[in-house]
Amino acid sequence: MTAKPNCPVIAIEEHYWDKELTSHYQGVEGSRDPEMLKRLYDLGDYRISHMDATGVDMQVLSHGAPSLQKIGADIAGDLARKVNDRLGEACAKYPKRFAAFAALPTAIPELAAVELERCVKAGFKGAMIHGLANGEFLDEPKFDPIWATAERLGVPIYLHPSVPHPVVADVYYSKYAKDFPMVIRAAWGFTVETATIAIRMVLGGVFERHPKMNLILGHFGETLPFLVWRIDQALARPGAKRMSRSFREVFSSNFYVTTSGNFSNPALLCTMMEMGIDRILFAIDYPFVDNPDGMNWIPNLPICNEDKVKLLSGNAKRLLKL
Ligand code: ZN
């Protein structure tokens with residue numbers, strides 16, 4: 001058992017699966033080994049026993065990728081309400097152990113905004129969107145109702161990876177996908193896809209139209225804290241369109257990042273130097289990453305106790321109003 005830190009531990013990118021939603025998953029997206037499936041479908045004692053074994057006090061739950069982002073407009077709205085209602089019931093049963101991010105029917109952005117508001121009024125802490133929405137980038141103005149509602153309600157949207165666009169998957173990764181199945185996913189493909197979506201949201205003016213909208217990125221910001229100086233400098237070279245705020249200004253005032261599945265001290269220190277500790281939140285990525293991987297990192301964090309408290313739960317309490 002891990003030594004318990006002297007503050008609560010709130011992990012905010014912790015996944016489950018809903019049986020009705022995953023019945024629509026295609027191919028490998030719906031297949032996992034039996035133990036993983038048991039963990040994904042459990043929102044009760046089995047999950048809590050894994051939290052207790054390592055000292056995770058609270059999980060902020062979200063559906064696993066691709067969630068509702070590949071569900072068509074014909075059923076997405078009804079399905080979203082059912083999925084979110086079931087998740088809300090699980091949280092109501094264990095209010096001290098679970099909180100939740102809603103799944104959004106992005107196939108109909110206006111309806112996604114309505115569902116976000118309905119869920120937040122029922123106690124959800126924001127929402128999670130997984131990668132492209134039915135193949136479309138999120139900087140398209142049609143998605144603005146979602147950002148406007150999140151901004152008005154004061155809740156963040158968590159942008160989570162999903163499997164890259166099929167054309168990208170084929171051209172970039174197919175040669176190595178058989179020998180290294182994770183190259184298209186957590187090893188690299190997820191990072192490229194999610195960072196690209198986030199950069200496009202800045203370039204597309206999402207944060208100019210919605211200056212108080214907060215976006216959370218997992219995995220220490222999908223490499224962006226490491227690259228923000230170069231992105232910012234290169235985007236501002238002669239010939240570029242003028243933005244009211246630079247990329248760096250937007251990144252350091254509208255973005256939060258989590259530690260999910262990336263328990264690296266160098267990555268932490270780089271992210272702290274670029275964004276400050278107040279914008280970094282603890283997450284594990286259970287059950288795709290196991291709780292001990294995250295919790296065993298905590299005793300080795302190279303930061304003072306005050307910053308540890310912020311990272312492990314203080315920032316989550318503030319941002320998610322827990
Ligand atoms: Zn995840």
# chains A, B, ... in the order shown; residues from 1 in each chain; ligands from 1

$ residues_around --residues "region 191-207 of chain A" --least-positions-apart "2" --cutoff "10 Å" --atoms "only C-alpha atoms" --output "JSON, numbers by chain"
{"A": [130, 131, 132, 136, 137, 138, 139, 140, 141, 143, 144, 147, 148, 159, 160, 161, 162, 163, 164, 165, 168, 184, 185, 186, 187, 188, 189, 209, 210, 211, 212, 213, 214, 215, 216, 217, 218, 219, 221, 222, 223, 224, 231, 235, 241, 243, 244, 245, 246, 247, 248, 250, 251, 253, 254, 255]}

$ residues_around --residues "Met128 (chain A)" --least-positions-apart "2" --cutoff "9 Å" --atoms "only C-alpha atoms" --output "PDB file with C-alpha atoms, in the first residue's frame"
ATOM      1  CA  SER A  62     -15.938  10.159 -17.456  1.00  0.00           C
ATOM      2  CA  HIS A  63     -16.902   7.718 -20.173  1.00  0.00           C
ATOM      3  CA  SER A  67     -17.830   8.190 -25.855  1.00  0.00           C
ATOM      4  CA  PHE A 101     -17.977  14.875 -16.362  1.00  0.00           C
ATOM      5  CA  ALA A 102     -20.950  14.592 -18.728  1.00  0.00           C
ATOM      6  CA  ALA A 103     -20.850  12.920 -22.147  1.00  0.00           C
ATOM      7  CA  LEU A 104     -22.084  15.283 -24.854  1.00  0.00           C
ATOM      8  CA  GLY A 126     -18.211  19.866 -16.646  1.00  0.00           C
ATOM      9  CA  HIS A 130     -13.088  12.725 -27.054  1.00  0.00           C
ATOM     10  CA  PRO A 156     -14.449  23.297 -17.865  1.00  0.00           C
ATOM     11  CA  ILE A 157     -14.501  21.033 -20.886  1.00  0.00           C
ATOM     12  CA  TYR A 158     -11.969  18.190 -20.829  1.00  0.00           C
ATOM     13  CA  LEU A 159     -10.553  17.466 -24.283  1.00  0.00           C
ATOM     14  CA  HIS A 160      -9.579  13.792 -24.238  1.00  0.00           C
ATOM     15  CA  ILE A 216      -8.476  20.765 -19.727  1.00  0.00           C
TER      16      ILE A 216
END

$ residues_near_ligand --ligand "ligand 1" --cutoff "7 Å" --atoms "only C-alpha atoms and all ligand atoms" --output "PyMOL selection string"
chain A and resi 13-15+64+160+285

$ atom_distance --atom1 "CA of Leu40 (chain A)" --atom2 "CA of Ser23 (chain A)"
13.7 Å

$ select_by_dssp --residues "region 108-286 of chain A" --states "alpha helix (DSSP H)" --output "PyMOL selection string"
chain A and resi 109-121+144-153+166-168+174-177+189-203+206-209+219-222+224-235+247-254+265-275

$ residues_around --residues "region 289-292 of chain A" --least-positions-apart "4" --cutoff "10 Å" --atoms "only C-alpha atoms" --output "list of chain:residue names"
A:Met1, A:Thr2, A:Ala11, A:Glu14, A:His50, A:Met51, A:Asp52, A:Ala53, A:Thr54, A:Gly55, A:Val56, A:Ser260, A:Gly261, A:Asn262, A:Ala283, A:Ile284, A:Asp285, A:Asn296, A:Trp297, A:Ile298

$ write_last_selection --atoms "N, CA and C atoms" --output "short mmCIF file (atom, residue, chain, number, x, y, z; two decimals), in the first residue's frame"
data_model
loop_
_atom_site.label_atom_id
_atom_site.label_comp_id
_atom_site.auth_asym_id
_atom_site.auth_seq_id
_atom_site.Cartn_x
_atom_site.Cartn_y
_atom_site.Cartn_z
N MET A 1 0.84 -1.21 0.00
CA MET A 1 0.00 0.00 0.00
C MET A 1 0.87 1.25 0.00
N THR A 2 0.45 2.23 -0.80
CA THR A 2 1.20 3.47 -0.92
C THR A 2 1.05 4.32 0.35
N ALA A 11 -8.63 12.35 -8.35
CA ALA A 11 -8.12 12.01 -9.69
C ALA A 11 -9.23 12.31 -10.70
N GLU A 14 -10.76 9.65 -14.88
CA GLU A 14 -10.95 8.25 -14.52
C GLU A 14 -12.19 7.73 -15.26
N HIS A 50 -10.27 -0.67 -5.45
CA HIS A 50 -9.01 -0.29 -6.09
C HIS A 50 -8.57 1.12 -5.66
N MET A 51 -9.55 2.00 -5.43
CA MET A 51 -9.20 3.34 -4.94
C MET A 51 -8.64 3.25 -3.52
N ASP A 52 -9.33 2.48 -2.68
CA ASP A 52 -8.91 2.37 -1.28
C ASP A 52 -7.53 1.73 -1.14
N ALA A 53 -7.23 0.78 -2.02
CA ALA A 53 -5.97 0.05 -1.92
C ALA A 53 -4.77 0.96 -2.10
N THR A 54 -4.96 2.09 -2.80
CA THR A 54 -3.81 2.97 -3.06
C THR A 54 -4.00 4.38 -2.51
N GLY A 55 -5.20 4.70 -1.99
CA GLY A 55 -5.40 6.01 -1.37
C GLY A 55 -6.00 7.07 -2.28
N VAL A 56 -6.73 6.66 -3.32
CA VAL A 56 -7.45 7.64 -4.15
C VAL A 56 -8.76 7.95 -3.45
N SER A 260 -2.54 12.72 -16.07
CA SER A 260 -3.00 11.38 -16.45
C SER A 260 -1.96 10.61 -17.28
N GLY A 261 -1.62 9.42 -16.82
CA GLY A 261 -0.76 8.50 -17.56
C GLY A 261 0.59 9.05 -17.94
N ASN A 262 1.10 10.04 -17.20
CA ASN A 262 2.39 10.63 -17.55
C ASN A 262 3.08 11.10 -16.28
N ALA A 283 -4.44 13.35 -12.12
CA ALA A 283 -5.32 12.36 -12.76
C ALA A 283 -4.49 11.12 -12.99
N ILE A 284 -5.16 9.97 -13.08
CA ILE A 284 -4.44 8.71 -13.29
C ILE A 284 -4.74 8.14 -14.68
N ASP A 285 -6.03 8.11 -15.07
CA ASP A 285 -6.48 7.48 -16.32
C ASP A 285 -6.89 6.03 -16.08
N ASN A 296 2.11 5.73 -6.69
CA ASN A 296 3.51 5.49 -6.28
C ASN A 296 4.43 6.64 -6.67
N TRP A 297 3.95 7.49 -7.56
CA TRP A 297 4.73 8.66 -7.99
C TRP A 297 4.74 9.76 -6.91
N ILE A 298 3.65 9.82 -6.16
CA ILE A 298 3.43 10.95 -5.25
C ILE A 298 4.57 11.15 -4.24
#

$ closest_residue --among "A:Ile75, A:Ile10, A:Ala100, A:Val167" --to "Met58 (chain A)" --atoms "only C-alpha atoms"
A:Ile10

$ decode --residues "region 92-140 of chain A" --atoms "C-alpha atoms" --output "PDB file, in the first residue's frame"
ATOM      1  CA  ALA A  92     -25.430  10.041  -5.994  1.00  0.00           C
ATOM      2  CA  LYS A  93     -24.821   6.624  -4.435  1.00  0.00           C
ATOM      3  CA  TYR A  94     -21.206   7.498  -3.504  1.00  0.00           C
ATOM      4  CA  PRO A  95     -21.174  11.300  -3.258  1.00  0.00           C
ATOM      5  CA  LYS A  96     -17.876  11.424  -1.369  1.00  0.00           C
ATOM      6  CA  ARG A  97     -16.078   9.067  -3.799  1.00  0.00           C
ATOM      7  CA  PHE A  98     -17.409   9.973  -7.258  1.00  0.00           C
ATOM      8  CA  ALA A  99     -18.068  13.141  -9.241  1.00  0.00           C
ATOM      9  CA  ALA A 100     -18.587  13.282 -13.005  1.00  0.00           C
ATOM     10  CA  PHE A 101     -17.977  14.875 -16.362  1.00  0.00           C
ATOM     11  CA  ALA A 102     -20.950  14.592 -18.728  1.00  0.00           C
ATOM     12  CA  ALA A 103     -20.850  12.920 -22.147  1.00  0.00           C
ATOM     13  CA  LEU A 104     -22.084  15.283 -24.854  1.00  0.00           C
ATOM     14  CA  PRO A 105     -24.027  14.501 -28.068  1.00  0.00           C
ATOM     15  CA  THR A 106     -21.734  16.622 -30.242  1.00  0.00           C
ATOM     16  CA  ALA A 107     -23.479  15.422 -33.415  1.00  0.00           C
ATOM     17  CA  ILE A 108     -26.035  18.136 -32.558  1.00  0.00           C
ATOM     18  CA  PRO A 109     -24.044  20.960 -30.918  1.00  0.00           C
ATOM     19  CA  GLU A 110     -27.131  22.913 -29.728  1.00  0.00           C
ATOM     20  CA  LEU A 111     -28.421  19.767 -28.037  1.00  0.00           C
ATOM     21  CA  ALA A 112     -24.960  19.109 -26.561  1.00  0.00           C
ATOM     22  CA  ALA A 113     -25.111  22.576 -24.980  1.00  0.00           C
ATOM     23  CA  VAL A 114     -28.574  21.849 -23.544  1.00  0.00           C
ATOM     24  CA  GLU A 115     -27.356  18.498 -22.189  1.00  0.00           C
ATOM     25  CA  LEU A 116     -24.302  20.165 -20.630  1.00  0.00           C
ATOM     26  CA  GLU A 117     -26.527  22.626 -18.786  1.00  0.00           C
ATOM     27  CA  ARG A 118     -28.964  19.899 -17.694  1.00  0.00           C
ATOM     28  CA  CYS A 119     -26.085  17.817 -16.294  1.00  0.00           C
ATOM     29  CA  VAL A 120     -24.310  20.715 -14.546  1.00  0.00           C
ATOM     30  CA  LYS A 121     -27.586  21.684 -12.857  1.00  0.00           C
ATOM     31  CA  ALA A 122     -27.774  18.045 -11.684  1.00  0.00           C
ATOM     32  CA  GLY A 123     -24.283  18.271 -10.141  1.00  0.00           C
ATOM     33  CA  PHE A 124     -21.881  17.332 -12.969  1.00  0.00           C
ATOM     34  CA  LYS A 125     -18.560  19.203 -12.915  1.00  0.00           C
ATOM     35  CA  GLY A 126     -18.211  19.866 -16.646  1.00  0.00           C
ATOM     36  CA  ALA A 127     -17.989  17.584 -19.666  1.00  0.00           C
ATOM     37  CA  MET A 128     -15.500  15.505 -21.606  1.00  0.00           C
ATOM     38  CA  ILE A 129     -15.200  15.431 -25.392  1.00  0.00           C
ATOM     39  CA  HIS A 130     -13.088  12.725 -27.054  1.00  0.00           C
ATOM     40  CA  GLY A 131     -11.169  13.763 -30.150  1.00  0.00           C
ATOM     41  CA  LEU A 132     -12.914  14.715 -33.375  1.00  0.00           C
ATOM     42  CA  ALA A 133     -16.699  15.001 -33.247  1.00  0.00           C
ATOM     43  CA  ASN A 134     -18.043  12.669 -35.945  1.00  0.00           C
ATOM     44  CA  GLY A 135     -14.857  13.414 -37.905  1.00  0.00           C
ATOM     45  CA  GLU A 136     -15.031  17.210 -37.468  1.00  0.00           C
ATOM     46  CA  PHE A 137     -12.565  19.500 -35.695  1.00  0.00           C
ATOM     47  CA  LEU A 138     -13.953  21.385 -32.700  1.00  0.00           C
ATOM     48  CA  ASP A 139     -12.862  24.832 -33.933  1.00  0.00           C
ATOM     49  CA  GLU A 140     -15.818  24.827 -36.347  1.00  0.00           C
TER      50      GLU A 140
END
